[in-house]
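Source file data-v5.cif; content: mmCIF, C-alpha atoms.
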data_structure
#
loop_
_atom_site.label_atom_id
_atom_site.label_comp_id
_atom_site.auth_asym_id
_atom_site.auth_seq_id
_atom_site.Cartn_x
_atom_site.Cartn_y
_atom_site.Cartn_z
CA MET A 1 135.88 133.73 74.10
CA GLN A 2 132.92 135.39 72.39
CA PHE A 3 130.45 133.31 74.41
CA LEU A 4 132.46 133.78 77.61
CA TYR A 5 132.25 137.55 77.15
CA VAL A 6 128.47 137.33 76.61
CA PHE A 7 128.10 135.12 79.69
CA ILE A 8 130.10 137.44 81.95
CA SER A 9 128.25 140.52 80.67
CA ALA A 10 124.76 139.02 81.10
CA PHE A 11 125.64 137.60 84.52
CA THR A 12 127.04 140.94 85.70
CA LEU A 13 124.05 142.87 84.32
CA THR A 14 121.67 140.56 86.19
CA LEU A 15 123.59 141.13 89.43
CA VAL A 16 123.53 144.92 88.98
CA LEU A 17 119.81 145.00 88.20
CA GLY A 18 119.14 142.59 91.05
CA PHE A 19 120.92 144.75 93.61
CA LEU A 20 119.06 147.80 92.31
CA ALA A 21 115.78 145.92 92.66
CA LEU A 22 116.60 145.08 96.29
CA LYS A 23 116.78 148.82 96.94
CA ILE A 24 113.96 150.05 94.70
CA PHE A 25 111.26 147.34 94.93
CA PRO A 26 110.54 147.87 98.68
CA ARG A 27 110.01 151.59 98.05
CA LEU A 28 107.51 150.75 95.29
CA GLY A 29 105.72 148.19 97.42
CA LEU A 30 106.81 145.33 95.14
CA LEU A 31 107.04 142.83 97.99
CA ASP A 32 105.64 139.34 98.49
CA ARG A 33 102.79 138.46 100.86
CA PRO A 34 104.15 135.78 103.19
CA HIS A 35 101.02 135.84 105.38
CA LYS A 36 99.05 134.59 102.35
CA TYR A 37 100.94 131.28 102.62
CA GLY A 38 100.99 131.12 106.40
CA LEU A 39 104.62 132.30 106.72
CA SER A 40 105.77 134.47 109.60
CA ARG A 41 108.85 136.05 108.00
CA LYS A 42 109.08 139.66 106.81
CA PRO A 43 108.09 140.45 103.19
CA ILE A 44 110.94 140.40 100.66
CA PRO A 45 111.20 141.90 97.14
CA TYR A 46 108.96 140.07 94.67
CA TYR A 47 108.40 140.39 90.92
CA GLY A 48 112.06 139.49 90.27
CA GLY A 49 110.96 138.37 86.82
CA ILE A 50 111.25 142.03 85.83
CA VAL A 51 114.99 141.80 86.53
CA ILE A 52 115.24 138.52 84.61
CA PHE A 53 113.39 139.88 81.57
CA ALA A 54 115.29 143.17 81.54
CA ALA A 55 118.72 141.53 81.85
CA PHE A 56 117.89 138.96 79.15
CA ALA A 57 116.34 141.46 76.72
CA ILE A 58 119.15 144.01 77.08
CA SER A 59 121.82 141.35 76.62
CA ILE A 60 120.12 139.88 73.54
CA LEU A 61 119.66 143.32 71.95
CA ILE A 62 123.34 144.15 72.55
CA PHE A 63 124.95 140.90 71.44
CA SER A 64 122.53 139.36 68.95
CA ASP A 65 121.66 140.31 65.38
CA PHE A 66 118.15 141.77 65.65
CA ASP A 67 115.75 140.10 63.21
CA LYS A 68 112.14 138.90 63.14
CA HIS A 69 113.03 135.85 65.23
CA ILE A 70 114.55 137.95 68.01
CA PHE A 71 111.58 140.33 67.80
CA GLY A 72 109.17 137.40 68.18
CA LEU A 73 111.13 135.97 71.11
CA LEU A 74 111.28 139.28 72.99
CA PHE A 75 107.73 140.44 72.18
CA GLY A 76 106.26 137.06 73.08
CA GLY A 77 108.38 137.03 76.23
CA PHE A 78 107.14 140.52 77.11
CA LEU A 79 103.53 139.32 76.85
CA ILE A 80 104.28 136.36 79.11
CA MET A 81 106.19 138.49 81.60
CA GLY A 82 103.42 141.12 81.59
CA VAL A 83 100.57 138.72 82.33
CA GLY A 84 102.74 137.02 84.96
CA PHE A 85 103.28 140.39 86.64
CA LEU A 86 99.53 141.10 86.64
CA ASP A 87 98.88 137.66 88.09
CA ASP A 88 101.42 138.23 90.88
CA LEU A 89 99.87 141.62 91.57
CA LEU A 90 96.14 140.93 91.14
CA ASP A 91 95.67 137.11 91.03
CA ILE A 92 94.00 137.19 87.63
CA ASN A 93 91.92 134.35 86.19
CA PRO A 94 94.09 131.35 85.13
CA TRP A 95 92.26 131.18 81.81
CA VAL A 96 93.39 134.72 81.04
CA ARG A 97 96.99 133.61 81.59
CA LEU A 98 96.48 130.62 79.27
CA PHE A 99 94.97 132.86 76.60
CA VAL A 100 97.96 135.22 76.70
CA GLN A 101 100.31 132.23 76.52
CA PHE A 102 98.38 131.08 73.45
CA LEU A 103 98.82 134.55 71.88
CA ALA A 104 102.54 134.54 72.71
CA ALA A 105 102.90 131.17 70.99
CA PHE A 106 101.21 132.62 67.91
CA VAL A 107 103.67 135.54 67.97
CA ILE A 108 106.46 132.97 67.81
CA ILE A 109 104.85 131.21 64.86
CA PHE A 110 104.32 134.45 62.91
CA SER A 111 107.92 135.46 63.56
CA GLY A 112 109.02 132.32 61.71
CA ILE A 113 110.08 130.20 64.68
CA GLY A 114 108.74 126.68 64.57
CA ILE A 115 109.64 123.04 64.22
CA ASN A 116 109.03 121.19 60.97
CA SER A 117 110.12 117.72 61.99
CA ILE A 118 110.95 115.61 65.03
CA THR A 119 113.69 113.01 64.99
CA ASN A 120 112.17 109.56 65.20
CA PRO A 121 114.11 107.60 67.86
CA ILE A 122 113.67 104.36 65.89
CA GLY A 123 114.96 105.95 62.68
CA GLY A 124 114.15 108.76 60.27
CA ALA A 125 112.06 111.78 61.14
CA ILE A 126 108.43 112.64 61.86
CA ILE A 127 107.48 115.36 59.39
CA LEU A 128 105.16 118.04 60.76
CA ASP A 129 104.93 120.53 57.86
CA THR A 130 103.08 118.33 55.35
CA TYR A 131 99.65 119.93 55.72
CA LYS A 132 99.49 123.68 55.10
CA LEU A 133 96.56 126.07 55.21
CA PRO A 134 97.16 129.24 53.15
CA PHE A 135 95.72 132.62 54.17
CA GLU A 136 96.32 136.23 53.16
CA ILE A 137 96.93 139.35 55.28
CA ASN A 138 97.23 142.76 53.54
CA GLY A 139 98.09 141.10 50.27
CA THR A 140 100.80 138.87 51.77
CA LEU A 141 100.34 135.10 51.58
CA TYR A 142 100.99 133.11 54.76
CA HIS A 143 100.68 129.44 55.58
CA PHE A 144 99.38 127.86 58.76
CA THR A 145 101.37 124.64 58.94
CA ILE A 146 98.78 122.68 60.85
CA LEU A 147 100.71 119.92 62.65
CA ALA A 148 103.89 121.95 63.14
CA ASP A 149 102.11 125.01 64.48
CA ILE A 150 99.83 123.03 66.79
CA PHE A 151 102.91 121.24 68.13
CA THR A 152 104.65 124.59 68.67
CA ILE A 153 101.66 126.03 70.58
CA VAL A 154 101.29 122.96 72.80
CA TRP A 155 105.04 122.78 73.47
CA VAL A 156 105.32 126.48 74.36
CA MET A 157 102.34 126.37 76.71
CA LEU A 158 103.50 123.10 78.27
CA LEU A 159 106.97 124.37 79.16
CA THR A 160 105.71 127.78 80.26
CA ASN A 161 103.43 126.17 82.84
CA THR A 162 105.85 123.38 83.79
CA VAL A 163 108.49 125.90 84.88
CA ASN A 164 105.81 127.90 86.66
CA PHE A 165 104.88 124.74 88.60
CA LEU A 166 108.55 124.48 89.61
CA ASP A 167 108.34 127.77 91.47
CA GLY A 168 107.53 126.20 94.81
CA ILE A 169 110.98 126.42 96.40
CA ASP A 170 113.41 129.34 96.32
CA GLY A 171 115.97 128.82 93.57
CA LEU A 172 114.36 125.84 91.84
CA PRO A 173 113.28 127.42 88.50
CA SER A 174 116.44 129.52 88.09
CA GLY A 175 118.77 126.61 88.89
CA VAL A 176 117.01 124.07 86.67
CA LEU A 177 116.71 126.54 83.77
CA ALA A 178 120.42 127.40 84.07
CA ILE A 179 121.22 123.69 83.64
CA ALA A 180 118.83 123.29 80.71
CA ALA A 181 120.12 126.39 78.92
CA PHE A 182 123.74 125.29 79.38
CA VAL A 183 122.95 121.85 77.91
CA LEU A 184 121.37 123.52 74.85
CA PHE A 185 124.44 125.74 74.59
CA LEU A 186 126.74 122.69 74.59
CA LEU A 187 124.68 121.01 71.88
CA SER A 188 124.63 124.17 69.77
CA THR A 189 128.43 124.46 69.86
CA ARG A 190 129.24 120.81 69.14
CA SER A 191 130.90 120.56 65.75
CA GLY A 192 129.56 118.22 63.09
CA MET A 193 126.04 118.05 64.55
CA HIS A 194 124.30 120.80 62.59
CA HIS A 195 123.57 121.65 58.98
CA MET A 196 123.05 125.33 59.75
CA ASP A 197 124.87 127.98 61.75
CA GLN A 198 123.97 127.68 65.44
CA THR A 199 125.86 130.76 66.64
CA GLN A 200 122.72 132.75 67.44
CA ILE A 201 121.14 129.76 69.22
CA ALA A 202 124.26 129.29 71.33
CA LEU A 203 124.32 133.00 72.15
CA ILE A 204 120.70 133.00 73.34
CA ALA A 205 121.28 129.82 75.35
CA ILE A 206 124.39 131.11 77.13
CA THR A 207 122.63 134.41 77.83
CA LEU A 208 119.67 132.60 79.39
CA CYS A 209 122.07 130.47 81.45
CA ALA A 210 123.95 133.55 82.69
CA VAL A 211 120.76 135.42 83.63
CA CYS A 212 119.43 132.40 85.54
CA LEU A 213 122.70 131.95 87.45
CA GLY A 214 122.83 135.69 88.16
CA PHE A 215 119.33 135.62 89.61
CA LEU A 216 120.11 132.42 91.53
CA VAL A 217 122.41 134.59 93.67
CA PHE A 218 119.26 136.31 94.96
CA ASP A 219 116.72 133.50 95.14
CA PHE A 220 118.74 130.48 96.29
CA HIS A 221 117.35 129.43 99.65
CA PRO A 222 117.03 131.47 101.79
CA ALA A 223 115.92 133.93 99.13
CA LYS A 224 116.57 137.67 99.21
CA MET A 225 114.20 138.20 96.26
CA LEU A 226 111.60 136.04 94.49
CA MET A 227 110.89 135.88 90.76
CA GLY A 228 107.16 135.13 91.00
CA ASP A 229 105.07 134.08 88.00
CA THR A 230 106.58 137.15 86.34
CA GLY A 231 109.89 135.30 86.07
CA SER A 232 109.02 131.59 86.09
CA THR A 233 106.59 131.79 83.15
CA PHE A 234 109.01 133.96 81.16
CA LEU A 235 111.83 131.47 81.73
CA GLY A 236 109.62 128.56 80.68
CA PHE A 237 108.50 130.38 77.56
CA THR A 238 112.05 131.35 76.58
CA LEU A 239 113.39 127.82 77.02
CA ALA A 240 110.48 126.40 74.99
CA VAL A 241 111.23 128.79 72.11
CA LEU A 242 114.95 128.11 72.34
CA ALA A 243 114.32 124.35 72.10
CA ILE A 244 112.49 124.68 68.78
CA PHE A 245 114.50 127.60 67.41
CA SER A 246 116.51 126.63 64.31
CA GLY A 247 116.73 122.87 64.25
CA GLY A 248 114.80 121.91 67.36
CA LYS A 249 116.14 120.27 70.49
CA VAL A 250 112.82 119.19 71.94
CA ALA A 251 113.94 115.69 72.98
CA THR A 252 116.99 117.14 74.74
CA THR A 253 114.91 119.70 76.61
CA PHE A 254 112.38 117.03 77.54
CA LEU A 255 115.15 114.92 79.06
CA VAL A 256 116.67 117.78 81.05
CA LEU A 257 113.26 118.89 82.32
CA GLY A 258 111.87 115.37 82.36
CA VAL A 259 111.43 115.19 86.12
CA PRO A 260 109.53 118.53 86.34
CA ILE A 261 107.47 117.78 83.19
CA LEU A 262 106.36 114.34 84.39
CA ASP A 263 105.66 115.80 87.82
CA ALA A 264 103.48 118.48 86.18
CA PHE A 265 101.51 115.83 84.25
CA TRP A 266 101.01 113.78 87.42
CA VAL A 267 99.90 116.81 89.48
CA ILE A 268 97.41 117.89 86.79
CA PHE A 269 96.03 114.33 86.50
CA ARG A 270 95.69 114.07 90.30
CA ARG A 271 93.89 117.42 90.56
CA ILE A 272 91.44 116.57 87.77
CA SER A 273 90.78 113.09 89.20
CA ARG A 274 89.87 114.77 92.51
CA LYS A 275 87.59 117.21 90.64
CA LYS A 276 89.80 120.20 91.41
CA SER A 277 91.03 122.90 89.06
CA PRO A 278 94.31 121.83 87.39
CA MET A 279 95.47 125.45 87.66
CA LYS A 280 94.90 125.78 91.42
CA GLY A 281 98.15 125.30 93.33
CA ASP A 282 98.68 122.77 96.11
CA LEU A 283 101.50 121.04 98.00
CA GLY A 284 101.48 117.86 95.93
CA HIS A 285 104.48 118.57 93.70
CA LEU A 286 107.55 116.36 93.89
CA HIS A 287 109.62 119.10 95.57
CA HIS A 288 106.94 119.49 98.25
CA ARG A 289 106.96 115.73 98.81
CA PHE A 290 110.73 115.77 99.27
CA ILE A 291 110.30 118.30 102.06
CA SER A 292 107.45 116.35 103.68
CA ALA A 293 109.72 113.27 103.57
CA GLY A 294 112.32 115.08 105.67
CA PHE A 295 114.60 116.72 103.09
CA SER A 296 115.67 120.29 103.74
CA LYS A 297 114.94 122.87 101.05
CA ARG A 298 118.60 122.97 100.06
CA GLN A 299 118.80 119.17 99.87
CA THR A 300 115.67 119.15 97.72
CA LEU A 301 117.13 121.79 95.42
CA LEU A 302 120.44 120.02 94.99
CA THR A 303 118.78 116.64 94.42
CA ILE A 304 116.58 117.95 91.62
CA TYR A 305 119.53 119.89 90.16
CA LEU A 306 121.52 116.64 90.13
CA PHE A 307 118.87 114.65 88.26
CA CYS A 308 118.38 117.43 85.68
CA ALA A 309 122.16 117.65 85.14
CA LEU A 310 122.53 113.87 84.80
CA PHE A 311 119.78 113.60 82.20
CA GLY A 312 121.24 116.67 80.50
CA LEU A 313 124.60 114.91 80.14
CA VAL A 314 122.80 111.89 78.69
CA ALA A 315 121.09 114.16 76.14
CA VAL A 316 124.43 115.68 75.12
CA PHE A 317 126.36 112.48 74.61
CA VAL A 318 123.88 109.90 73.28
CA ASN A 319 122.20 109.57 69.89
CA SER A 320 118.46 109.68 69.19
CA SER A 321 117.82 105.95 69.63
CA MET A 322 119.55 105.99 73.01
CA LYS A 323 117.45 108.98 74.06
CA LEU A 324 114.39 106.72 73.81
CA LEU A 325 115.99 104.42 76.38
CA ALA A 326 116.83 107.47 78.48
CA VAL A 327 113.13 108.46 78.48
CA PHE A 328 112.22 105.00 79.80
CA GLY A 329 114.95 105.42 82.40
CA LEU A 330 113.44 108.77 83.31
CA LEU A 331 110.05 107.16 83.85
CA VAL A 332 111.62 104.57 86.14
CA VAL A 333 113.42 107.31 88.09
CA MET A 334 110.16 109.22 88.55
CA VAL A 335 108.31 106.13 89.79
CA VAL A 336 111.10 105.31 92.24
CA LEU A 337 111.47 108.90 93.44
CA GLY A 338 107.74 109.33 93.85
CA SER A 339 107.36 106.06 95.74
CA VAL A 340 110.25 106.78 98.09
CA VAL A 341 109.20 110.32 99.04
CA VAL A 342 105.54 109.34 99.46
CA TYR A 343 106.55 106.38 101.66
CA TYR A 344 108.81 108.43 103.94
CA GLY A 345 106.33 111.32 103.95
CA ASN A 346 103.58 109.00 105.17
CA ARG A 347 105.91 107.53 107.81
CA LYS A 348 106.57 111.00 109.21
CA LYS A 349 102.84 111.59 109.57
CA VAL A 350 102.32 108.41 111.58
#

Could you quickly redo this structure as structure tokens?
Amino acid sequence: MQFLYVFISAFTLTLVLGFLALKIFPRLGLLDRPHKYGLSRKPIPYYGGIVIFAAFAISILIFSDFDKHIFGLLFGGFLIMGVGFLDDLLDINPWVRLFVQFLAAFVIIFSGIGINSITNPIGGAIILDTYKLPFEINGTLYHFTILADIFTIVWVMLLTNTVNFLDGIDGLPSGVLAIAAFVLFLLSTRSGMHHMDQTQIALIAITLCAVCLGFLVFDFHPAKMLMGDTGSTFLGFTLAVLAIFSGGKVATTFLVLGVPILDAFWVIFRRISRKKSPMKGDLGHLHHRFISAGFSKRQTLLTIYLFCALFGLVAVFVNSSMKLLAVFGLLVVMVVLGSVVVYYGNRKKV
């Protein structure tokens, strides 16, 4: 009942802020630029990530115990949201965005959020906090845990940009992140799985799920409001932090977001192999290929939702060794999906 109350409150707050944004954003000129992408429709409210961040932050501050971890999560998220807003507004240099993401990951590390080990799917654990580099700030001794902190930075930046890459169809990031957050919530509330209290993790996860579902009301195709980089990068950052927060559920998150993550790797590899900037957008993502193969936007959304939910269920109910098999299954699914949509896309062009 506690989590249900949090969910309803965060969902309702997102709806209220969303409806206010629909009224206020046009007056402030916070609209998208459809002509930039060759679209003929009227501009609609943009920068919906402001709504997402505000609803999430307010809900967390009301329902969670404020500590250095929550401060790190919200401050790092504010940095990500802020640079995303500037990018939506001014199209800033991609390397500036990456630098701010790097800083936000460091904020997370200094707030004490990190991952010290990864479960080895063939048994035992891979320890990441063996090598430590001590340093002092204002008389206080800190340690840079080399492998663990590098892993944290790479993971945070990877998920931040993966979810941003998802933002090619209305409703895709918010729907997929709602599924991922709910899976993490289920794992956090399963009895007998944890050696430490997971109440705060579950609360953050259900809040993120509620905010994403609340915003999905506005950006499910056809969208009434778009989140922009302001929202997609914030959602990716928050999920990345949640996955490593207190115990780490990296493998689970990788499975749920496996299709988007592998798609991101493939798109980056393809762009680099063609001597193009990996940060410059194109229409080569899996969701674009679904559409070129003849799927409607809604069919594409629901198909990707389905795969994320199926792999999420696998992550909830199988042990670590079985997750390794699930990863191989995920690779097979990606190869099959990619082959099918490319084949039918090419047939349509003939």

Check: Any idea what the distance is between atom CA of Pro222 of chain A and atom CA of Gly175 of chain A?
Finding: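 Atom CA of Pro222 of chain A sits 13.9 Å away from atom CA of Gly175 of chain A.
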
Write out as an mmCIF file with C-alpha atoms, in the frame of the given file the residues lying within 10 Å of segment 80-91 of chain A, counting all atoms listed in the file and excluding same-chain residues fewer than 4 positions away.
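What follows is the written file result.cif:
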data_model
loop_
_atom_site.group_PDB
_atom_site.id
_atom_site.type_symbol
_atom_site.label_atom_id
_atom_site.label_comp_id
_atom_site.auth_asym_id
_atom_site.auth_seq_id
_atom_site.Cartn_x
_atom_site.Cartn_y
_atom_site.Cartn_z
ATOM 1 C CA LEU A 30 106.810 145.330 95.140
ATOM 2 C CA LEU A 31 107.040 142.830 97.990
ATOM 3 C CA ASP A 32 105.640 139.340 98.490
ATOM 4 C CA TYR A 46 108.960 140.070 94.670
ATOM 5 C CA TYR A 47 108.400 140.390 90.920
ATOM 6 C CA GLY A 48 112.060 139.490 90.270
ATOM 7 C CA GLY A 49 110.960 138.370 86.820
ATOM 8 C CA ILE A 50 111.250 142.030 85.830
ATOM 9 C CA ILE A 52 115.240 138.520 84.610
ATOM 10 C CA PHE A 53 113.390 139.880 81.570
ATOM 11 C CA LEU A 74 111.280 139.280 72.990
ATOM 12 C CA PHE A 75 107.730 140.440 72.180
ATOM 13 C CA GLY A 76 106.260 137.060 73.080
ATOM 14 C CA VAL A 96 93.390 134.720 81.040
ATOM 15 C CA ARG A 97 96.990 133.610 81.590
ATOM 16 C CA LEU A 98 96.480 130.620 79.270
ATOM 17 C CA PHE A 99 94.970 132.860 76.600
ATOM 18 C CA VAL A 100 97.960 135.220 76.700
ATOM 19 C CA GLN A 101 100.310 132.230 76.520
ATOM 20 C CA PHE A 102 98.380 131.080 73.450
ATOM 21 C CA LEU A 103 98.820 134.550 71.880
ATOM 22 C CA ALA A 104 102.540 134.540 72.710
ATOM 23 C CA ALA A 105 102.900 131.170 70.990
ATOM 24 C CA THR A 160 105.710 127.780 80.260
ATOM 25 C CA ASN A 164 105.810 127.900 86.660
ATOM 26 C CA MET A 227 110.890 135.880 90.760
ATOM 27 C CA GLY A 228 107.160 135.130 91.000
ATOM 28 C CA ASP A 229 105.070 134.080 88.000
ATOM 29 C CA THR A 230 106.580 137.150 86.340
ATOM 30 C CA GLY A 231 109.890 135.300 86.070
ATOM 31 C CA SER A 232 109.020 131.590 86.090
ATOM 32 C CA THR A 233 106.590 131.790 83.150
ATOM 33 C CA PHE A 234 109.010 133.960 81.160
ATOM 34 C CA LEU A 235 111.830 131.470 81.730
ATOM 35 C CA GLY A 236 109.620 128.560 80.680
ATOM 36 C CA PHE A 237 108.500 130.380 77.560
ATOM 37 C CA THR A 238 112.050 131.350 76.580
#

Next item on the list: Mind giving me the straight-line distance from atom CA of Ala205 of chain A to atom CA of Phe182 of chain A in Å, one decimal?
Entry: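 That distance, rounded to one decimal, is 6.5 Å.
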
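Considering the residues A:Leu22, A:Val316, A:Val335, A:Leu73 and counting all atoms listed in the file, Ser111 of chain A has its shortest atom-to-atom contact with A:Leu73.
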
Hey, what's within 7 Å of Gly112 of chain A if we count all atoms listed in the file and toss same-chain stuff fewer than 3 positions away? As a PDB file with C-alpha atoms, in the frame of the given file, please?
ATOM      1  CA  HIS A  69     113.030 135.850  65.230  1.00  0.00           C
ATOM      2  CA  ILE A 108     106.460 132.970  67.810  1.00  0.00           C
ATOM      3  CA  ILE A 109     104.850 131.210  64.860  1.00  0.00           C
TER       4      ILE A 109
END

Check: So how far away is atom CA of Ala210 of chain A from atom CA of Ala315 of chain A, in Å?
Finding: 20.7 Å

Check: Can you list, as an MDAnalysis selection string, the residues that the PyMOL selection byres ((chain A and resi 239) around 12) selects here?
Finding: chainID A and resid 73 77 155:163 173:174 176:185 201 204:209 212 232:238 240:245 248:250 252:254 256:257

Pull C-alpha atoms from the residues just selected and write them as a PDB file, in the frame of the given file.
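What follows is the written file out-v3.pdb:
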ATOM      1  CA  LEU A  73     111.130 135.970  71.110  1.00  0.00           C
ATOM      2  CA  GLY A  77     108.380 137.030  76.230  1.00  0.00           C
ATOM      3  CA  TRP A 155     105.040 122.780  73.470  1.00  0.00           C
ATOM      4  CA  VAL A 156     105.320 126.480  74.360  1.00  0.00           C
ATOM      5  CA  MET A 157     102.340 126.370  76.710  1.00  0.00           C
ATOM      6  CA  LEU A 158     103.500 123.100  78.270  1.00  0.00           C
ATOM      7  CA  LEU A 159     106.970 124.370  79.160  1.00  0.00           C
ATOM      8  CA  THR A 160     105.710 127.780  80.260  1.00  0.00           C
ATOM      9  CA  ASN A 161     103.430 126.170  82.840  1.00  0.00           C
ATOM     10  CA  THR A 162     105.850 123.380  83.790  1.00  0.00           C
ATOM     11  CA  VAL A 163     108.490 125.900  84.880  1.00  0.00           C
ATOM     12  CA  PRO A 173     113.280 127.420  88.500  1.00  0.00           C
ATOM     13  CA  SER A 174     116.440 129.520  88.090  1.00  0.00           C
ATOM     14  CA  VAL A 176     117.010 124.070  86.670  1.00  0.00           C
ATOM     15  CA  LEU A 177     116.710 126.540  83.770  1.00  0.00           C
ATOM     16  CA  ALA A 178     120.420 127.400  84.070  1.00  0.00           C
ATOM     17  CA  ILE A 179     121.220 123.690  83.640  1.00  0.00           C
ATOM     18  CA  ALA A 180     118.830 123.290  80.710  1.00  0.00           C
ATOM     19  CA  ALA A 181     120.120 126.390  78.920  1.00  0.00           C
ATOM     20  CA  PHE A 182     123.740 125.290  79.380  1.00  0.00           C
ATOM     21  CA  VAL A 183     122.950 121.850  77.910  1.00  0.00           C
ATOM     22  CA  LEU A 184     121.370 123.520  74.850  1.00  0.00           C
ATOM     23  CA  PHE A 185     124.440 125.740  74.590  1.00  0.00           C
ATOM     24  CA  ILE A 201     121.140 129.760  69.220  1.00  0.00           C
ATOM     25  CA  ILE A 204     120.700 133.000  73.340  1.00  0.00           C
ATOM     26  CA  ALA A 205     121.280 129.820  75.350  1.00  0.00           C
ATOM     27  CA  ILE A 206     124.390 131.110  77.130  1.00  0.00           C
ATOM     28  CA  THR A 207     122.630 134.410  77.830  1.00  0.00           C
ATOM     29  CA  LEU A 208     119.670 132.600  79.390  1.00  0.00           C
ATOM     30  CA  CYS A 209     122.070 130.470  81.450  1.00  0.00           C
ATOM     31  CA  CYS A 212     119.430 132.400  85.540  1.00  0.00           C
ATOM     32  CA  SER A 232     109.020 131.590  86.090  1.00  0.00           C
ATOM     33  CA  THR A 233     106.590 131.790  83.150  1.00  0.00           C
ATOM     34  CA  PHE A 234     109.010 133.960  81.160  1.00  0.00           C
ATOM     35  CA  LEU A 235     111.830 131.470  81.730  1.00  0.00           C
ATOM     36  CA  GLY A 236     109.620 128.560  80.680  1.00  0.00           C
ATOM     37  CA  PHE A 237     108.500 130.380  77.560  1.00  0.00           C
ATOM     38  CA  THR A 238     112.050 131.350  76.580  1.00  0.00           C
ATOM     39  CA  ALA A 240     110.480 126.400  74.990  1.00  0.00           C
ATOM     40  CA  VAL A 241     111.230 128.790  72.110  1.00  0.00           C
ATOM     41  CA  LEU A 242     114.950 128.110  72.340  1.00  0.00           C
ATOM     42  CA  ALA A 243     114.320 124.350  72.100  1.00  0.00           C
ATOM     43  CA  ILE A 244     112.490 124.680  68.780  1.00  0.00           C
ATOM     44  CA  PHE A 245     114.500 127.600  67.410  1.00  0.00           C
ATOM     45  CA  GLY A 248     114.800 121.910  67.360  1.00  0.00           C
ATOM     46  CA  LYS A 249     116.140 120.270  70.490  1.00  0.00           C
ATOM     47  CA  VAL A 250     112.820 119.190  71.940  1.00  0.00           C
ATOM     48  CA  THR A 252     116.990 117.140  74.740  1.00  0.00           C
ATOM     49  CA  THR A 253     114.910 119.700  76.610  1.00  0.00           C
ATOM     50  CA  PHE A 254     112.380 117.030  77.540  1.00  0.00           C
ATOM     51  CA  VAL A 256     116.670 117.780  81.050  1.00  0.00           C
ATOM     52  CA  LEU A 257     113.260 118.890  82.320  1.00  0.00           C
TER      53      LEU A 257
END

Next item on the list: Do a neighbour search on Gly284 of chain A at 12 Å with all atoms listed in the file, toss out local chain neighbours closer than 2 positions, and write the hits as a ChimeraX atom specification.
Entry: /A:165-166,168,263-271,278,280-282,286-292,338,341-342,345

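Neighbours of Ala223 of chain A closer than or equal to 10 Å, with all atoms listed in the file counted and sequence neighbours fewer than 5 positions away skipped, come out as Ile44, Pro45, Ile169, Asp170, Gly171, Leu216, Val217 and Phe218 of chain A.
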
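Remark: for Lys23 of chain A, the closest of the candidate residues A:Lys276, A:Lys224, A:His35, A:Arg190 is A:Lys224 (distances computed over only C-alpha atoms).
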
Evaluate the PyMOL selection byres ((chain A and resi 323-334) around 10) here and jot the selected residues down as a PDB file with C-alpha atoms, in the frame of the given file.
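Written file, out15.pdb:
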ATOM      1  CA  ASN A 120     112.170 109.560  65.200  1.00  0.00           C
ATOM      2  CA  PRO A 121     114.110 107.600  67.860  1.00  0.00           C
ATOM      3  CA  ILE A 122     113.670 104.360  65.890  1.00  0.00           C
ATOM      4  CA  ALA A 251     113.940 115.690  72.980  1.00  0.00           C
ATOM      5  CA  THR A 252     116.990 117.140  74.740  1.00  0.00           C
ATOM      6  CA  PHE A 254     112.380 117.030  77.540  1.00  0.00           C
ATOM      7  CA  LEU A 255     115.150 114.920  79.060  1.00  0.00           C
ATOM      8  CA  VAL A 256     116.670 117.780  81.050  1.00  0.00           C
ATOM      9  CA  GLY A 258     111.870 115.370  82.360  1.00  0.00           C
ATOM     10  CA  VAL A 259     111.430 115.190  86.120  1.00  0.00           C
ATOM     11  CA  PRO A 260     109.530 118.530  86.340  1.00  0.00           C
ATOM     12  CA  LEU A 262     106.360 114.340  84.390  1.00  0.00           C
ATOM     13  CA  ASP A 263     105.660 115.800  87.820  1.00  0.00           C
ATOM     14  CA  LEU A 286     107.550 116.360  93.890  1.00  0.00           C
ATOM     15  CA  PHE A 307     118.870 114.650  88.260  1.00  0.00           C
ATOM     16  CA  PHE A 311     119.780 113.600  82.200  1.00  0.00           C
ATOM     17  CA  VAL A 314     122.800 111.890  78.690  1.00  0.00           C
ATOM     18  CA  ALA A 315     121.090 114.160  76.140  1.00  0.00           C
ATOM     19  CA  VAL A 316     124.430 115.680  75.120  1.00  0.00           C
ATOM     20  CA  PHE A 317     126.360 112.480  74.610  1.00  0.00           C
ATOM     21  CA  VAL A 318     123.880 109.900  73.280  1.00  0.00           C
ATOM     22  CA  ASN A 319     122.200 109.570  69.890  1.00  0.00           C
ATOM     23  CA  SER A 320     118.460 109.680  69.190  1.00  0.00           C
ATOM     24  CA  SER A 321     117.820 105.950  69.630  1.00  0.00           C
ATOM     25  CA  MET A 322     119.550 105.990  73.010  1.00  0.00           C
ATOM     26  CA  VAL A 335     108.310 106.130  89.790  1.00  0.00           C
ATOM     27  CA  VAL A 336     111.100 105.310  92.240  1.00  0.00           C
ATOM     28  CA  LEU A 337     111.470 108.900  93.440  1.00  0.00           C
ATOM     29  CA  GLY A 338     107.740 109.330  93.850  1.00  0.00           C
ATOM     30  CA  SER A 339     107.360 106.060  95.740  1.00  0.00           C
ATOM     31  CA  VAL A 340     110.250 106.780  98.090  1.00  0.00           C
TER      32      VAL A 340
END

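Across the chains present, the PyMOL selection byres ((chain A and resi 147) around 9) applied to this file returns Asn116, Ile127, Leu128, Asp129, Thr130, Tyr131, Lys132, Phe144, Thr145, Ile146, Ala148, Asp149, Ile150, Phe151 and Thr152 of chain A.
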